$ cat input.txt   # compact mmCIF, C-alpha atoms
# COMPACT_ATOMS: atom_id res chain seq x y z
CA MET Q 1 -0.02 -6.20 39.00
CA ILE Q 2 3.25 -8.14 38.74
CA ALA Q 3 1.56 -10.73 36.52
CA ILE Q 4 0.17 -7.99 34.24
CA LEU Q 5 3.61 -6.37 33.87
CA THR Q 6 5.25 -9.75 33.32
CA TRP Q 7 2.96 -10.81 30.49
CA THR Q 8 2.97 -7.32 28.99
CA LEU Q 9 6.76 -7.60 28.84
CA VAL Q 10 6.44 -11.07 27.30
CA ALA Q 11 4.07 -9.67 24.63
CA VAL Q 12 6.46 -6.80 23.84
CA ILE Q 13 9.50 -9.11 23.61
CA ALA Q 14 7.55 -11.63 21.51
CA THR Q 15 6.45 -8.85 19.15
CA ALA Q 16 10.09 -7.74 18.81
CA ILE Q 17 11.11 -11.33 18.00
CA VAL Q 18 8.36 -11.59 15.37
CA TRP Q 19 9.48 -8.25 13.90
CA LYS Q 20 13.13 -9.37 13.74
CA GLY Q 21 12.30 -12.71 12.16
CA SER Q 22 9.91 -11.07 9.72
CA GLY Q 23 12.54 -8.55 8.61
CA LEU Q 24 14.89 -11.42 7.78
CA LEU Q 25 12.07 -13.24 6.02
CA GLU Q 26 11.09 -10.16 4.02
CA SER Q 27 14.61 -9.54 2.69
CA SER Q 28 15.15 -13.17 1.69
CA SER Q 29 11.68 -13.33 0.06
CA GLU Q 30 12.32 -10.18 -1.98
CA ARG Q 31 15.73 -11.43 -3.16
CA LEU Q 32 14.26 -14.79 -4.13
CA SER Q 33 11.46 -12.99 -6.01
CA ALA Q 34 14.05 -10.99 -7.92
CA TYR Q 35 16.09 -14.12 -8.63
CA TYR Q 36 13.05 -15.96 -10.03
CA ARG Q 37 11.99 -12.79 -11.94
CA LEU Q 38 8.46 -12.38 -10.58
CA PRO Q 39 6.35 -9.28 -11.41
CA ASP Q 40 5.64 -6.74 -8.64
CA ILE Q 41 2.01 -7.68 -8.11
CA VAL Q 42 2.85 -11.41 -7.83
CA GLN Q 43 5.76 -10.61 -5.53
CA GLY Q 44 3.50 -8.53 -3.27
CA ALA Q 45 0.44 -10.78 -3.39
CA ILE Q 46 2.16 -14.15 -2.99
CA VAL Q 47 5.84 -14.28 -2.06
CA VAL Q 48 6.04 -11.37 0.40
CA ALA Q 49 2.42 -11.83 1.51
CA VAL Q 50 2.85 -15.52 2.35
CA GLY Q 51 6.14 -14.79 4.07
CA SER Q 52 4.75 -11.97 6.18
CA SER Q 53 1.68 -14.11 6.98
CA PHE Q 54 3.73 -16.88 8.55
CA PRO Q 55 3.10 -15.45 12.06
CA GLU Q 56 -0.66 -15.86 11.51
CA LEU Q 57 -0.15 -19.42 10.25
CA SER Q 58 1.95 -20.19 13.32
CA THR Q 59 -0.71 -18.69 15.58
CA THR Q 60 -3.45 -21.00 14.30
CA VAL Q 61 -1.31 -24.13 14.44
CA ILE Q 62 0.21 -23.39 17.87
CA SER Q 63 -3.05 -22.26 19.52
CA THR Q 64 -4.90 -25.32 18.16
CA LEU Q 65 -2.32 -28.05 18.74
CA LEU Q 66 -0.53 -26.90 21.90
CA HIS Q 67 -3.30 -25.04 23.73
CA GLY Q 68 -6.59 -26.39 22.30
CA GLU Q 69 -7.63 -22.80 21.49
CA PHE Q 70 -8.79 -22.91 17.85
CA GLU Q 71 -11.13 -20.00 18.59
CA LEU Q 72 -8.13 -17.91 19.70
CA GLY Q 73 -6.36 -18.69 16.43
CA VAL Q 74 -9.41 -17.68 14.37
CA ALA Q 75 -9.85 -14.49 16.41
CA ALA Q 76 -6.19 -13.59 15.88
CA ILE Q 77 -6.45 -14.09 12.13
CA VAL Q 78 -9.72 -12.16 11.76
CA GLY Q 79 -8.29 -9.39 13.94
CA SER Q 80 -5.09 -9.42 11.89
CA ALA Q 81 -7.11 -9.26 8.66
CA LEU Q 82 -9.03 -6.23 9.95
CA PHE Q 83 -5.77 -4.59 11.08
CA ASN Q 84 -4.27 -5.28 7.64
CA ILE Q 85 -7.27 -3.89 5.76
CA LEU Q 86 -7.91 -0.77 7.85
CA VAL Q 87 -4.68 0.20 9.61
CA ILE Q 88 -1.80 -0.81 7.34
CA PRO Q 89 -3.00 0.95 4.13
CA ALA Q 90 -3.87 3.99 6.24
CA ILE Q 91 -0.44 4.19 7.92
CA ALA Q 92 1.34 3.41 4.64
CA GLY Q 93 -0.63 6.18 2.90
CA LEU Q 94 0.09 8.70 5.66
CA ALA Q 95 3.78 7.73 5.78
CA SER Q 96 4.20 8.07 2.02
CA ARG Q 97 5.23 11.39 0.50
CA GLN Q 98 2.49 11.01 -2.10
CA ALA Q 99 -0.97 9.46 -2.30
CA LEU Q 100 -0.97 5.67 -2.34
CA THR Q 101 -1.72 4.59 -5.91
CA ALA Q 102 -3.58 1.50 -7.09
CA ASN Q 103 -4.33 0.03 -10.50
CA ARG Q 104 -7.13 -1.97 -12.11
CA ASP Q 105 -5.44 -5.33 -11.51
CA LEU Q 106 -5.26 -4.52 -7.82
CA VAL Q 107 -8.83 -3.29 -7.54
CA TYR Q 108 -10.61 -5.74 -9.83
CA LYS Q 109 -8.51 -8.86 -9.29
CA GLU Q 110 -6.89 -8.78 -5.84
CA ALA Q 111 -9.65 -6.96 -3.94
CA GLN Q 112 -12.51 -8.87 -5.53
CA PHE Q 113 -10.78 -12.24 -5.13
CA TYR Q 114 -10.28 -11.39 -1.48
CA MET Q 115 -14.02 -10.73 -1.14
CA ILE Q 116 -14.62 -14.19 -2.61
CA ALA Q 117 -12.22 -15.61 -0.03
CA VAL Q 118 -14.25 -14.06 2.81
CA ALA Q 119 -17.46 -15.51 1.34
CA VAL Q 120 -16.01 -19.02 0.91
CA LEU Q 121 -14.63 -19.15 4.46
CA THR Q 122 -18.01 -17.99 5.83
CA LEU Q 123 -19.68 -20.71 3.76
CA THR Q 124 -17.24 -23.29 5.15
CA PHE Q 125 -18.07 -22.26 8.72
CA SER Q 126 -21.79 -22.45 7.95
CA PHE Q 127 -21.43 -25.98 6.52
CA ALA Q 128 -19.72 -27.00 9.77
CA ALA Q 129 -22.65 -25.62 11.80
CA ILE Q 130 -25.29 -27.18 9.52
CA TYR Q 131 -23.88 -30.65 8.87
CA HIS Q 132 -21.76 -31.21 12.01
CA PRO Q 133 -23.64 -29.35 14.79
CA VAL Q 134 -22.26 -29.36 18.33
CA PRO Q 135 -24.69 -28.83 21.24
CA ASP Q 136 -24.09 -25.69 23.29
CA ASP Q 137 -25.67 -24.99 26.68
CA ALA Q 138 -25.48 -21.23 26.11
CA GLY Q 139 -27.48 -21.42 22.89
CA ALA Q 140 -24.61 -20.53 20.56
CA ILE Q 141 -24.52 -22.08 17.09
CA ARG Q 142 -21.46 -24.32 16.96
CA GLY Q 143 -20.21 -26.87 14.46
CA GLU Q 144 -17.31 -29.21 13.95
CA MET Q 145 -15.01 -28.28 11.09
CA THR Q 146 -13.52 -31.41 9.51
CA ARG Q 147 -10.53 -31.89 7.22
CA TRP Q 148 -12.84 -32.23 4.19
CA LEU Q 149 -14.46 -28.88 4.93
CA ALA Q 150 -11.06 -27.28 5.53
CA LEU Q 151 -9.99 -28.33 2.03
CA MET Q 152 -12.63 -26.02 0.48
CA PRO Q 153 -10.79 -22.73 1.17
CA VAL Q 154 -7.42 -24.38 0.48
CA ALA Q 155 -8.67 -25.43 -2.97
CA LEU Q 156 -9.74 -21.84 -3.67
CA TYR Q 157 -6.23 -20.68 -2.77
CA GLY Q 158 -4.93 -23.14 -5.35
CA LEU Q 159 -7.10 -21.35 -7.93
CA TYR Q 160 -5.67 -18.03 -6.72
CA LEU Q 161 -2.12 -19.31 -7.30
CA PHE Q 162 -3.08 -20.43 -10.80
CA VAL Q 163 -4.48 -16.98 -11.63
CA GLN Q 164 -1.29 -15.34 -10.34
CA TYR Q 165 0.83 -17.80 -12.32
CA GLN Q 166 -0.83 -16.60 -15.51
CA ASP Q 167 0.53 -13.10 -14.80
CA THR Q 168 4.10 -14.39 -14.81
CA LEU Q 169 3.99 -16.05 -18.23
CA GLU Q 170 4.53 -12.90 -20.30
CA TYR Q 171 6.52 -10.94 -17.74
CA GLU Q 172 10.14 -10.11 -18.51
CA ALA Q 173 12.26 -8.70 -15.70
CA ASP Q 174 15.28 -6.48 -16.18
CA VAL Q 175 17.07 -7.16 -12.88
CA ASP Q 176 20.69 -8.03 -12.22
CA THR Q 177 20.60 -11.20 -10.08
CA ARG Q 178 24.28 -12.19 -10.29
CA ASP Q 179 24.93 -11.33 -6.63
CA ILE Q 180 21.96 -13.40 -5.36
CA ARG Q 181 22.82 -16.85 -4.03
CA PRO Q 182 19.49 -18.74 -3.88
CA GLY Q 183 20.77 -21.48 -1.55
CA ARG Q 184 21.82 -18.95 1.07
CA GLU Q 185 18.54 -17.04 0.72
CA TRP Q 186 16.49 -20.21 1.23
CA ALA Q 187 18.54 -20.96 4.37
CA ARG Q 188 17.95 -17.42 5.71
CA LEU Q 189 14.24 -17.84 4.99
CA ALA Q 190 14.12 -21.13 6.95
CA LEU Q 191 15.93 -19.50 9.90
CA SER Q 192 13.48 -16.60 9.91
CA LEU Q 193 10.52 -19.01 10.11
CA GLY Q 194 11.96 -20.62 13.24
CA VAL Q 195 12.48 -17.22 14.89
CA ILE Q 196 8.89 -16.22 14.09
CA VAL Q 197 7.48 -19.42 15.65
CA VAL Q 198 9.24 -18.58 18.94
CA GLY Q 199 7.79 -15.06 18.94
CA VAL Q 200 4.26 -16.23 18.11
CA GLU Q 201 4.28 -18.74 20.97
CA GLY Q 202 5.06 -15.87 23.33
CA LEU Q 203 2.13 -13.83 21.97
CA VAL Q 204 -0.28 -16.76 22.30
CA GLN Q 205 0.85 -17.41 25.88
CA ALA Q 206 0.40 -13.71 26.70
CA ALA Q 207 -3.14 -13.70 25.26
CA ILE Q 208 -4.15 -16.77 27.28
CA HIS Q 209 -2.75 -15.34 30.52
CA PHE Q 210 -4.32 -11.91 29.94
CA GLY Q 211 -7.65 -13.71 29.61
CA GLU Q 212 -7.10 -15.45 32.95
CA ILE Q 213 -5.88 -12.30 34.75
CA PHE Q 214 -8.73 -10.06 33.59
CA ASP Q 215 -11.33 -12.88 33.61
CA THR Q 216 -12.08 -12.27 29.94
CA PRO Q 217 -12.14 -14.73 27.03
CA SER Q 218 -8.84 -15.26 25.21
CA PHE Q 219 -10.85 -14.30 22.09
CA LEU Q 220 -10.60 -10.62 23.11
CA TRP Q 221 -6.81 -10.72 23.39
CA GLY Q 222 -6.48 -12.80 20.24
CA ILE Q 223 -8.40 -10.29 18.15
CA THR Q 224 -6.41 -7.34 19.56
CA VAL Q 225 -2.97 -8.11 21.06
CA VAL Q 226 -2.05 -11.21 19.05
CA ALA Q 227 -3.60 -9.81 15.87
CA ALA Q 228 -1.63 -6.56 16.05
CA GLY Q 229 1.58 -8.37 16.97
CA THR Q 230 1.40 -10.81 14.07
CA SER Q 231 0.48 -8.00 11.64
CA ILE Q 232 3.71 -6.11 12.26
CA PRO Q 233 5.56 -7.84 9.36
CA ASP Q 234 2.83 -6.81 6.90
CA ALA Q 235 2.92 -3.26 8.26
CA PHE Q 236 6.67 -2.83 7.76
CA VAL Q 237 6.56 -4.39 4.28
CA SER Q 238 3.71 -2.14 3.12
CA ILE Q 239 5.04 1.07 4.69
CA ARG Q 240 8.50 0.53 3.19
CA ALA Q 241 7.01 -0.16 -0.25
CA ALA Q 242 4.77 2.93 -0.01
CA ARG Q 243 7.69 5.20 0.91
CA GLN Q 244 9.57 3.87 -2.11
CA GLY Q 245 6.65 4.86 -4.36
CA ARG Q 246 5.49 1.26 -4.91
CA GLY Q 247 1.85 1.70 -3.96
CA VAL Q 248 0.71 -1.40 -5.89
CA THR Q 249 3.13 -3.68 -4.02
CA SER Q 250 2.15 -2.04 -0.72
CA ILE Q 251 -1.58 -2.74 -1.08
CA ALA Q 252 -1.10 -6.06 -2.92
CA ASN Q 253 0.85 -7.33 0.10
CA VAL Q 254 -2.09 -6.53 2.39
CA LEU Q 255 -4.72 -8.17 0.18
CA GLY Q 256 -2.52 -11.16 -0.68
CA SER Q 257 -1.62 -11.65 2.97
CA ASN Q 258 -5.28 -11.60 4.01
CA THR Q 259 -6.21 -14.03 1.25
CA PHE Q 260 -3.54 -16.43 2.52
CA ASP Q 261 -4.65 -15.91 6.14
CA LEU Q 262 -8.28 -16.82 5.44
CA LEU Q 263 -7.83 -19.60 2.87
CA VAL Q 264 -4.73 -21.32 4.30
CA CYS Q 265 -3.93 -20.22 7.87
CA ILE Q 266 -7.34 -20.96 9.40
CA PRO Q 267 -7.79 -24.35 7.64
CA ALA Q 268 -4.18 -25.31 8.54
CA GLY Q 269 -5.04 -25.80 12.21
CA VAL Q 270 -7.93 -28.11 11.26
CA LEU Q 271 -5.89 -30.07 8.70
CA ILE Q 272 -3.18 -30.75 11.30
CA ALA Q 273 -5.42 -31.35 14.32
CA GLY Q 274 -8.09 -33.32 12.41
CA THR Q 275 -11.15 -31.40 13.62
CA ALA Q 276 -11.95 -28.16 15.42
CA VAL Q 277 -15.16 -26.67 16.79
CA VAL Q 278 -16.28 -23.38 15.24
CA ASN Q 279 -18.57 -20.96 17.09
CA PHE Q 280 -20.65 -19.73 14.15
CA SER Q 281 -22.48 -17.24 16.37
CA ILE Q 282 -19.13 -15.43 16.70
CA ALA Q 283 -17.67 -16.24 13.28
CA ALA Q 284 -20.62 -14.77 11.33
CA PRO Q 285 -20.54 -11.23 12.82
CA MET Q 286 -16.72 -11.19 12.66
CA MET Q 287 -16.80 -12.10 8.96
CA ALA Q 288 -19.48 -9.45 8.46
CA ALA Q 289 -17.18 -6.84 10.02
CA LEU Q 290 -14.34 -8.04 7.80
CA THR Q 291 -16.58 -7.79 4.73
CA GLY Q 292 -17.56 -4.23 5.63
CA ALA Q 293 -13.91 -3.23 6.09
CA THR Q 294 -12.97 -4.78 2.74
CA VAL Q 295 -15.79 -2.96 0.93
CA ALA Q 296 -14.67 0.32 2.53
CA LEU Q 297 -11.08 -0.16 1.31
CA PHE Q 298 -12.30 -1.25 -2.13
CA LEU Q 299 -14.45 1.86 -2.56
CA MET Q 300 -11.68 4.16 -1.38
CA MET Q 301 -9.12 2.59 -3.72
CA ARG Q 302 -11.54 2.86 -6.63
CA THR Q 303 -11.96 6.65 -6.29
CA GLY Q 304 -9.34 7.89 -8.75
CA MET Q 305 -7.23 4.76 -8.16
CA VAL Q 306 -5.55 6.47 -5.19
CA LEU Q 307 -5.87 6.29 -1.42
CA SER Q 308 -5.89 9.92 -0.25
CA ARG Q 309 -4.93 11.16 3.21
CA PRO Q 310 -8.55 11.85 4.31
CA GLU Q 311 -9.44 8.30 3.25
CA CYS Q 312 -6.50 6.97 5.28
CA VAL Q 313 -7.79 8.80 8.35
CA ALA Q 314 -11.29 7.39 7.72
CA LEU Q 315 -9.86 3.83 7.70
CA LEU Q 316 -8.16 4.44 11.06
CA VAL Q 317 -11.41 5.78 12.51
CA LEU Q 318 -13.22 2.62 11.38
CA TYR Q 319 -10.63 0.43 13.13
CA VAL Q 320 -10.86 2.41 16.37
CA GLY Q 321 -14.63 2.05 16.15
CA PHE Q 322 -14.28 -1.72 15.76
CA LEU Q 323 -12.03 -1.96 18.84
CA ALA Q 324 -14.45 0.17 20.84
CA TRP Q 325 -17.34 -2.11 19.86
CA ILE Q 326 -15.42 -5.31 20.76
CA GLY Q 327 -14.41 -3.82 24.12
CA ALA Q 328 -17.97 -2.69 24.86
CA GLU Q 329 -19.35 -6.16 24.03
CA THR Q 330 -16.71 -7.89 26.15
CA PHE Q 331 -17.32 -5.80 29.27
CA GLY Q 332 -21.11 -5.76 28.90
CA ALA Q 333 -21.63 -2.12 27.94
CA VAL Q 334 -23.62 -3.21 24.87
CA ASP Q 335 -25.12 -6.53 23.78
CA TRP Q 336 -25.63 -6.20 20.03
CA VAL Q 337 -24.30 -9.74 19.44
CA PRO Q 338 -25.68 -12.02 22.20
CA SER Q 339 -22.91 -14.64 21.93
CA LEU Q 340 -20.09 -12.09 22.07
CA PRO Q 341 -17.83 -12.53 23.90
CA PRO Q 342 -17.74 -16.34 23.73
CA ARG Q 343 -17.90 -18.13 27.06

$ encode --input "input.txt" --output "structure tokens"
Amino acid sequence: MIAILTWTLVAVIATAIVWKGSGLLESSSERLSAYYRLPDIVQGAIVVAVGSSFPELSTTVISTLLHGEFELGVAAIVGSALFNILVIPAIAGLASRQALTANRDLVYKEAQFYMIAVAVLTLTFSFAAIYHPVPDDAGAIRGEMTRWLALMPVALYGLYLFVQYQDTLEYEADVDTRDIRPGREWARLALSLGVIVVGVEGLVQAAIHFGEIFDTPSFLWGITVVAAGTSIPDAFVSIRAARQGRGVTSIANVLGSNTFDLLVCIPAGVLIAGTAVVNFSIAAPMMAALTGATVALFLMMRTGMVLSRPECVALLVLYVGFLAWIGAETFGAVDWVPSLPPR
């Protein structure tokens, strides 16, 4: 019991540290965006999204390099992506005084590019299983992901940046930036990144110890505890934007953050470590769940270009259903996916 309380406290403190560092990062990112005169959708989809996704990037790198838990890093990012897609737009919509609005750029560019990102990462995992198979006594399909394979999603993110860059060419901002000192903002941004790394290490340690205490795979805690903790920055950014009537920025942050998570954060651990083993028997159903969640959000955004309150509630119900399914699989109540949870 003492160990449970101790690591619960560690998780809470680590989440608070991530939140504090992310608040500092958000403010510096927004001021730098204003200084460099970036349009709202680019600010939400790239600058703020990448900044608020730094906890997920740290999770993959730390779990892979320091703890040899690449699977934990992937679980945390997939769980974070599901939390971002289902929970954050729902809470932002419910917290806003009016329905969360979207536009055609958001629906037909950001959402559809994100679907492509999910497909490309799934393809990368499948190539690892096909061309670099790893024997598994339990019968799971596993493969070694190399640096060359990891470059596939990273290259797609380069294309995403190019598409976003095209949106900035004809944009003219009418913002007073005389009080913004870029040097100081870059320094604050660097400080915030260091604070976030400390918080993420605490979350990863808590997930590993919860797995040992409850005799469950760290995958379960990665896809729930670590995922929710690292998604807090995205939640605060999106909720604040929604309450200010900036629905496009609110949802663009979620989609842009998820695009960065899948195409950069997951490959980052492989690029730094050299190789990592992927359990495709787990990755495939997780990516299928992520695809279903993305399609649900896409369809709801497309109805009148708004996210209504009933639709927000429906998204929350879907997330609760996902958690219930993962818990049931982990504790043996159901066995719809034979390799879940991973041994």

$ residues_around --input "input.txt" --residues "region 219-224 of chain Q" --least-positions-apart "2" --cutoff "9 Å" --atoms "all atoms listed in the file" --output "JSON, numbers by chain"
{"Q": [71, 72, 73, 74, 75, 76, 77, 78, 79, 80, 83, 203, 204, 206, 207, 208, 210, 211, 216, 217, 226, 227, 228, 229, 323, 326, 327, 330, 341, 342]}

$ residues_around --input "input.txt" --residues "region 127-133 of chain Q" --least-positions-apart "6" --cutoff "7 Å" --atoms "all atoms listed in the file" --output "MDAnalysis selection string"
chainID Q and resid 141:145 280

$ atom_distance --input "input.txt" --atom1 "CA of Arg240 (chain Q)" --atom2 "CA of Glu30 (chain Q)"
12.5 Å

$ atom_distance --input "input.txt" --atom1 "CA of Thr64 (chain Q)" --atom2 "CA of Pro267 (chain Q)"
11.0 Å

$ axis_aligned_box --input "input.txt" --around "region 324-342 of chain Q" --padding-each-side "6 Å" --output "JSON"
{"center_x": -20.0, "center_y": -8.1, "center_z": 24.4, "size_x": 23.3, "size_y": 28.5, "size_z": 21.8}

$ closest_residue --input "input.txt" --among "Q:Leu9, Q:Ala241, Q:Val107, Q:Ile62" --to "Glu26 (chain Q)" --atoms "all atoms listed in the file"
Q:Ala241

$ atom_distance --input "input.txt" --atom1 "CA of Val270 (chain Q)" --atom2 "CA of Leu82 (chain Q)"
21.9 Å

$ closest_residue --input "input.txt" --among "Q:Leu318, Q:Cys265, Q:Arg246, Q:Ile251" --to "Gly292 (chain Q)" --atoms "all atoms listed in the file"
Q:Leu318

$ closest_residue --input "input.txt" --among "Q:Met305, Q:Leu262, Q:Val61, Q:Ile85" --to "Gly274 (chain Q)" --atoms "all atoms listed in the file"
Q:Val61

$ residues_around --input "input.txt" --residues "Ala150 (chain Q)" --least-positions-apart "5" --cutoff "10 Å" --atoms "only C-alpha atoms" --output "compact mmCIF listing (two decimals) with C-alpha atoms, in the coordinates of the input"
# COMPACT_ATOMS: atom_id res chain seq x y z
CA LEU Q 121 -14.63 -19.15 4.46
CA THR Q 124 -17.24 -23.29 5.15
CA PHE Q 125 -18.07 -22.26 8.72
CA ALA Q 128 -19.72 -27.00 9.77
CA MET Q 145 -15.01 -28.28 11.09
CA ALA Q 155 -8.67 -25.43 -2.97
CA LEU Q 263 -7.83 -19.60 2.87
CA VAL Q 264 -4.73 -21.32 4.30
CA ILE Q 266 -7.34 -20.96 9.40
CA PRO Q 267 -7.79 -24.35 7.64
CA ALA Q 268 -4.18 -25.31 8.54
CA GLY Q 269 -5.04 -25.80 12.21
CA VAL Q 270 -7.93 -28.11 11.26
CA LEU Q 271 -5.89 -30.07 8.70
CA GLY Q 274 -8.09 -33.32 12.41
CA THR Q 275 -11.15 -31.40 13.62
CA ALA Q 276 -11.95 -28.16 15.42

$ closest_residue --input "input.txt" --among "Q:Val118, Q:Ile4, Q:Val277, Q:Ala190" --to "Leu156 (chain Q)" --atoms "all atoms listed in the file"
Q:Val118

$ closest_residue --input "input.txt" --among "Q:Gly202, Q:Pro310, Q:Pro135, Q:Pro153" --to "Ala90 (chain Q)" --atoms "all atoms listed in the file"
Q:Pro310

$ residues_around --input "input.txt" --residues "Ala111 (chain Q)" --least-positions-apart "4" --cutoff "8 Å" --atoms "all atoms listed in the file" --output "short mmCIF file (atom, residue, chain, number, x, y, z; two decimals) with C-alpha atoms, keeping the file's coordinate frame"
data_model
loop_
_atom_site.label_atom_id
_atom_site.label_comp_id
_atom_site.auth_asym_id
_atom_site.auth_seq_id
_atom_site.Cartn_x
_atom_site.Cartn_y
_atom_site.Cartn_z
CA LEU Q 106 -5.26 -4.52 -7.82
CA VAL Q 107 -8.83 -3.29 -7.54
CA MET Q 115 -14.02 -10.73 -1.14
CA LEU Q 255 -4.72 -8.17 0.18
CA THR Q 294 -12.97 -4.78 2.74
CA PHE Q 298 -12.30 -1.25 -2.13
#

$ closest_residue --input "input.txt" --among "Q:Ala273, Q:Ala16, Q:Thr291, Q:Ser308" --to "Leu65 (chain Q)" --atoms "only C-alpha atoms"
Q:Ala273

$ residues_around --input "input.txt" --residues "Gly23 (chain Q)" --least-positions-apart "3" --cutoff "12 Å" --atoms "only C-alpha atoms" --output "number ranges by chain"
Q: 16-20, 26-30, 48, 51-52, 188-189, 191-193, 195-196, 232-237, 240

$ residues_near_point --input "input.txt" --point "(-18.3, -5.8, 14.2)" --cutoff "7 Å" --atoms "only C-alpha atoms" --output "JSON, numbers by chain"
{"Q": [285, 286, 288, 289, 322, 325]}

$ residues_near_point --input "input.txt" --point "(19.5, -20.6, -6.7)" --cutoff "12 Å" --atoms "all atoms listed in the file" --output "mmCIF file with C-alpha atoms, in the coordinates of the input"
data_model
loop_
_atom_site.group_PDB
_atom_site.id
_atom_site.type_symbol
_atom_site.label_atom_id
_atom_site.label_comp_id
_atom_site.auth_asym_id
_atom_site.auth_seq_id
_atom_site.Cartn_x
_atom_site.Cartn_y
_atom_site.Cartn_z
ATOM 1 C CA ARG Q 31 15.730 -11.430 -3.160
ATOM 2 C CA LEU Q 32 14.260 -14.790 -4.130
ATOM 3 C CA SER Q 33 11.460 -12.990 -6.010
ATOM 4 C CA ALA Q 34 14.050 -10.990 -7.920
ATOM 5 C CA TYR Q 35 16.090 -14.120 -8.630
ATOM 6 C CA TYR Q 36 13.050 -15.960 -10.030
ATOM 7 C CA THR Q 177 20.600 -11.200 -10.080
ATOM 8 C CA ARG Q 178 24.280 -12.190 -10.290
ATOM 9 C CA ASP Q 179 24.930 -11.330 -6.630
ATOM 10 C CA ILE Q 180 21.960 -13.400 -5.360
ATOM 11 C CA ARG Q 181 22.820 -16.850 -4.030
ATOM 12 C CA PRO Q 182 19.490 -18.740 -3.880
ATOM 13 C CA GLY Q 183 20.770 -21.480 -1.550
ATOM 14 C CA ARG Q 184 21.820 -18.950 1.070
ATOM 15 C CA GLU Q 185 18.540 -17.040 0.720
ATOM 16 C CA TRP Q 186 16.490 -20.210 1.230
ATOM 17 C CA ALA Q 187 18.540 -20.960 4.370
#

$ decode --input "input.txt" --residues "region 200-212 of chain Q" --atoms "N, CA and C atoms" --output "PDB file, in the first residue's frame"
ATOM      1  N   VAL Q 200       8.414  14.161 -17.147  1.00  0.00           N
ATOM      2  CA  VAL Q 200       8.160  12.945 -17.925  1.00  0.00           C
ATOM      3  C   VAL Q 200       8.914  11.751 -17.343  1.00  0.00           C
ATOM      4  N   GLU Q 201      10.139  11.959 -16.882  1.00  0.00           N
ATOM      5  CA  GLU Q 201      10.884  10.866 -16.265  1.00  0.00           C
ATOM      6  C   GLU Q 201      10.141  10.331 -15.048  1.00  0.00           C
ATOM      7  N   GLY Q 202       9.535  11.218 -14.274  1.00  0.00           N
ATOM      8  CA  GLY Q 202       8.734  10.783 -13.127  1.00  0.00           C
ATOM      9  C   GLY Q 202       7.540   9.951 -13.554  1.00  0.00           C
ATOM     10  N   LEU Q 203       6.858  10.348 -14.627  1.00  0.00           N
ATOM     11  CA  LEU Q 203       5.706   9.580 -15.123  1.00  0.00           C
ATOM     12  C   LEU Q 203       6.124   8.201 -15.616  1.00  0.00           C
ATOM     13  N   VAL Q 204       7.237   8.136 -16.349  1.00  0.00           N
ATOM     14  CA  VAL Q 204       7.714   6.847 -16.855  1.00  0.00           C
ATOM     15  C   VAL Q 204       8.077   5.922 -15.695  1.00  0.00           C
ATOM     16  N   GLN Q 205       8.785   6.469 -14.702  1.00  0.00           N
ATOM     17  CA  GLN Q 205       9.138   5.656 -13.527  1.00  0.00           C
ATOM     18  C   GLN Q 205       7.884   5.143 -12.819  1.00  0.00           C
ATOM     19  N   ALA Q 206       6.862   6.007 -12.689  1.00  0.00           N
ATOM     20  CA  ALA Q 206       5.623   5.594 -12.038  1.00  0.00           C
ATOM     21  C   ALA Q 206       4.944   4.463 -12.810  1.00  0.00           C
ATOM     22  N   ALA Q 207       4.916   4.570 -14.144  1.00  0.00           N
ATOM     23  CA  ALA Q 207       4.291   3.530 -14.967  1.00  0.00           C
ATOM     24  C   ALA Q 207       4.995   2.193 -14.806  1.00  0.00           C
ATOM     25  N   ILE Q 208       6.333   2.212 -14.800  1.00  0.00           N
ATOM     26  CA  ILE Q 208       7.101   0.972 -14.656  1.00  0.00           C
ATOM     27  C   ILE Q 208       6.845   0.341 -13.293  1.00  0.00           C
ATOM     28  N   HIS Q 209       6.825   1.149 -12.237  1.00  0.00           N
ATOM     29  CA  HIS Q 209       6.618   0.610 -10.895  1.00  0.00           C
ATOM     30  C   HIS Q 209       5.178   0.152 -10.677  1.00  0.00           C
ATOM     31  N   PHE Q 210       4.204   0.843 -11.272  1.00  0.00           N
ATOM     32  CA  PHE Q 210       2.822   0.364 -11.185  1.00  0.00           C
ATOM     33  C   PHE Q 210       2.702  -1.023 -11.818  1.00  0.00           C
ATOM     34  N   GLY Q 211       3.403  -1.207 -12.941  1.00  0.00           N
ATOM     35  CA  GLY Q 211       3.387  -2.515 -13.599  1.00  0.00           C
ATOM     36  C   GLY Q 211       3.935  -3.604 -12.702  1.00  0.00           C
ATOM     37  N   GLU Q 212       5.013  -3.290 -11.968  1.00  0.00           N
ATOM     38  CA  GLU Q 212       5.617  -4.272 -11.064  1.00  0.00           C
ATOM     39  C   GLU Q 212       4.720  -4.542  -9.854  1.00  0.00           C
TER      40      GLU Q 212
END
